[in-house]
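Peer 1: Can you read through this structure? Questions will come right after.
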Amino acid sequence: MSIQRIPIIVTVICILSNLNQCAAEESQNGCVCGCGFGFEVLLTKLEHIEEKLEALKKWQESIPEPQVHSKCTKESTSLSKTEEHKAIDVSAPMDVTETATKAAVVGQTLKQSSEKKTNLPLGIIATPEQLAYGEDQIYSSCLEVPSKVTGKYLIRLSDDAEPVNLLCDMQSVDVGWIVVQHRFNGSERFYRGWDDYRDGFGSLDGEFWLGLDRISSILNNGGQWEIMFWLMNFQRQIRYAKFNNILLGNATDGYTLKQVGKYSGNAGDSISPHNGMKFTTFDRDNDPARYNCAKKHRGGWWYHKTCVSSNLNGEYKNAINDQANNWPTMGSAGLMQSKIMIRQIN
């Protein structure tokens, strides 16, 4: 409110207050106290107020509009296109509903992106450069790779499947093996939860676990598969255990190790006691023991009622204890290297 209007309003209030008091006294005493004269005074005051307001209005109209300094104008017109895009139009009305809707859409997109994220081993997804080479560089199995050199190759596991990179071992014992577990320096943590063991983790160029879901899909393609455990202790002694048949369940039955076949090799059989067992992790207790074997033995494995006859996903250490990554029929200490490999027979 303008400061100049305050005395005017006070004057009107005072006059009205006097008139009300006068009217009350006339009503009480039954006489005329000059209220008519008061009304004349009021009219005179109101006319005076009207003249003051008119003068005030003309004075306000006579004030010039504030001018923006020429330097500021020049700077404002020289905004770059990037700055213009960043500028916020404060004069535009804000549509709260529209803003909230956009925020919800962005939030849902981020959530879906997070849900789709998995811990696939690095290097498994085919790159555009690899796919550009065409079908000549895509094989149906590691056995089909002509070079017979250990390395990563694009493998299409079925006619309708997308090709993926797999590590093909060509020299540990013989050729054509798909490596599903590789440990050699302890750089990758193997004490992990269910989702990691299901999806896979690590890197094909380093230590990794291919993933229970992928291993199960490979083994259940309708063919017969064999499995080999290639092992090296810290004395650099190399041994292997091969089994002529391997059957693995799927997610519904907890990736049960349904069968390992006839043994051959020189490392001894430390896996057959785990036949019929579901896979267990520290956050998914599927073993028949009274406690969680994965927590006790610091790994993820097909633990049985007394937990371990082997523990190749245990802690990487040169030690003799229940938590080490060991193969007891080869020795009780942890292993320097291990590879779990599968190969189709027919």
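Order determines the names: the first chain of the structure tokens is A, the second B, and so forth; residues in each chain are numbered 1 upward, and ligands are numbered 1 upward as they are shown.
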Find the residues around range 259-262 of chain A up to 12 Å (only C-alpha atoms counted), leave out those fewer than 2 positions away in its own chain, and share them as a ChimeraX atom specification.
Peer 2: /A:219,224-229,241-249,255-257,264-265,268-278,302,342
Peer 1: For Asn325 in chain A, find every residue with an atom within 9 Å (counting only C-alpha atoms), except residues of its own chain fewer than 3 positions away, and show them as a short mmCIF file (atom, residue, chain, number, x, y, z; two decimals) with N, CA, C and O atoms, in the first residue's frame.
Peer 2:
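The resulting part-v6.cif:
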```
data_model
loop_
_atom_site.label_atom_id
_atom_site.label_comp_id
_atom_site.auth_asym_id
_atom_site.auth_seq_id
_atom_site.Cartn_x
_atom_site.Cartn_y
_atom_site.Cartn_z
N GLY A 299 31.80 -69.77 -0.12
CA GLY A 299 31.76 -69.97 -1.57
C GLY A 299 30.34 -70.16 -2.07
O GLY A 299 29.36 -69.77 -1.43
N SER A 310 34.43 -81.16 -2.08
CA SER A 310 35.22 -80.23 -2.91
C SER A 310 34.61 -78.85 -2.74
O SER A 310 33.45 -78.71 -2.36
N ASN A 311 35.42 -77.83 -3.04
CA ASN A 311 34.95 -76.46 -2.81
C ASN A 311 35.70 -75.50 -3.73
O ASN A 311 36.35 -74.56 -3.27
N LEU A 312 35.59 -75.72 -5.04
CA LEU A 312 36.41 -74.97 -5.99
C LEU A 312 36.06 -73.49 -6.07
O LEU A 312 36.83 -72.70 -6.62
N ASN A 313 34.90 -73.10 -5.53
CA ASN A 313 34.54 -71.67 -5.50
C ASN A 313 34.74 -71.07 -4.11
O ASN A 313 34.22 -69.99 -3.82
N GLY A 314 35.53 -71.75 -3.27
CA GLY A 314 35.85 -71.21 -1.96
C GLY A 314 36.88 -70.10 -2.05
O GLY A 314 37.24 -69.64 -3.14
N GLU A 315 37.39 -69.68 -0.91
CA GLU A 315 38.35 -68.58 -0.88
C GLU A 315 39.67 -68.99 -1.54
O GLU A 315 40.16 -70.10 -1.36
N TYR A 316 40.23 -68.04 -2.31
CA TYR A 316 41.50 -68.30 -2.98
C TYR A 316 42.62 -68.12 -1.96
O TYR A 316 42.93 -67.00 -1.54
N LYS A 317 43.23 -69.25 -1.55
CA LYS A 317 44.29 -69.15 -0.56
C LYS A 317 45.14 -70.43 -0.55
O LYS A 317 44.64 -71.53 -0.85
N ASN A 318 46.40 -70.27 -0.21
CA ASN A 318 47.31 -71.40 -0.04
C ASN A 318 47.27 -71.79 1.42
O ASN A 318 48.14 -71.44 2.21
N ASP A 322 38.73 -75.31 5.92
CA ASP A 322 37.44 -75.63 5.31
C ASP A 322 36.95 -74.59 4.32
O ASP A 322 35.98 -74.81 3.61
N ALA A 333 45.10 -78.61 0.68
CA ALA A 333 45.37 -77.18 0.60
C ALA A 333 44.60 -76.53 -0.55
O ALA A 333 44.08 -77.21 -1.45
N GLY A 334 44.53 -75.20 -0.49
CA GLY A 334 43.89 -74.47 -1.58
C GLY A 334 44.68 -74.60 -2.87
O GLY A 334 45.86 -74.98 -2.88
N LEU A 335 44.02 -74.26 -3.99
CA LEU A 335 44.60 -74.43 -5.31
C LEU A 335 45.06 -73.10 -5.90
O LEU A 335 44.42 -72.07 -5.72
N MET A 336 46.16 -73.16 -6.64
CA MET A 336 46.68 -71.98 -7.31
C MET A 336 45.86 -71.67 -8.57
O MET A 336 45.63 -70.50 -8.89
N SER A 338 42.44 -73.25 -11.15
CA SER A 338 41.40 -74.25 -11.44
C SER A 338 40.60 -73.80 -12.67
O SER A 338 40.41 -72.60 -12.88
#
```
Peer 1: For each of A:Cys293, A:Ile320, A:Ala267, A:Ile155, take the minimum atom-to-atom distance to Phe279 in chain A, counting only C-alpha atoms, then give the residue where this is smallest.
Peer 2: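 Looking only at the distances to Phe279 in chain A, the closest residue turns out to be A:Cys293.
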Peer 1: So how many Å separate CA of Gln344 in chain A and CA of Val164 in chain A, to one decimal?
Peer 2: 17.2 Å
Peer 1: For Arg183 in chain A, work out the shell of residues within 8 Å, counting only C-alpha atoms and skipping chain neighbours fewer than 6 positions away, then give it as number ranges by chain.
Peer 2: A: 206-208, 336-339
Peer 1: Using only C-alpha atoms, which residue out of A:Asp285, A:Asp253, A:Glu188, A:Glu162 lies closest to Asp213 in chain A?
Peer 2: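 Among the listed residues, the smallest separation from Asp213 in chain A belongs to A:Asp253.
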Peer 1: So, with only C-alpha atoms as the atoms that count, which of A:Lys152, A:Lys258, A:Arg198, A:Lys305 lies closest to Leu122 in chain A?
Peer 2: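 Nearest to Leu122 in chain A: A:Lys152.
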Peer 1: Taking only C-alpha atoms into account, name the residue in A:Glu144, A:Asp160, A:Asp283, A:Asp195 that is nearest to Gly176 in chain A.
Peer 2: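 For Gly176 in chain A, the nearest of the given residues is A:Glu144.
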Peer 1: Rounded to one decimal, what separation in Å do you get between CA of Gln130 in chain A and CA of Leu166 in chain A?
Peer 2: 13.1 Å
Peer 1: Which value, in Å to one decimal, gives the distance between CA of Trp209 in chain A and CA of Val180 in chain A?
Peer 2: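 CA of Val180 in chain A lies at a distance of 5.9 Å from CA of Trp209 in chain A.
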Peer 1: Pick out the residues sitting within 12 Å of Asp174 in chain A, and hand them over as a list in words; count only C-alpha atoms, and ignore anything fewer than 5 positions along from it in its own chain.
Peer 2: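 With the cut-off at 12 Å, the set is Cys142, Leu143, Lys148, Val149, Thr150, Cys168, Asp169, Met228, Trp230, Tyr240, Lys242, Met341, Ile342 and Arg343 of chain A.
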Peer 1: Using only C-alpha atoms, which residues sit within 9 Å of Gly211 in chain A once same-chain residues fewer than 3 positions away are excluded, as a list in words?
Peer 2: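 The neighbour list is Leu120, Pro121, Val180, Gln181, Asp196, Tyr197, Arg198, Asp199, Gly200, Phe201, Phe208, Arg214, Ile215 and Ser216 of chain A.
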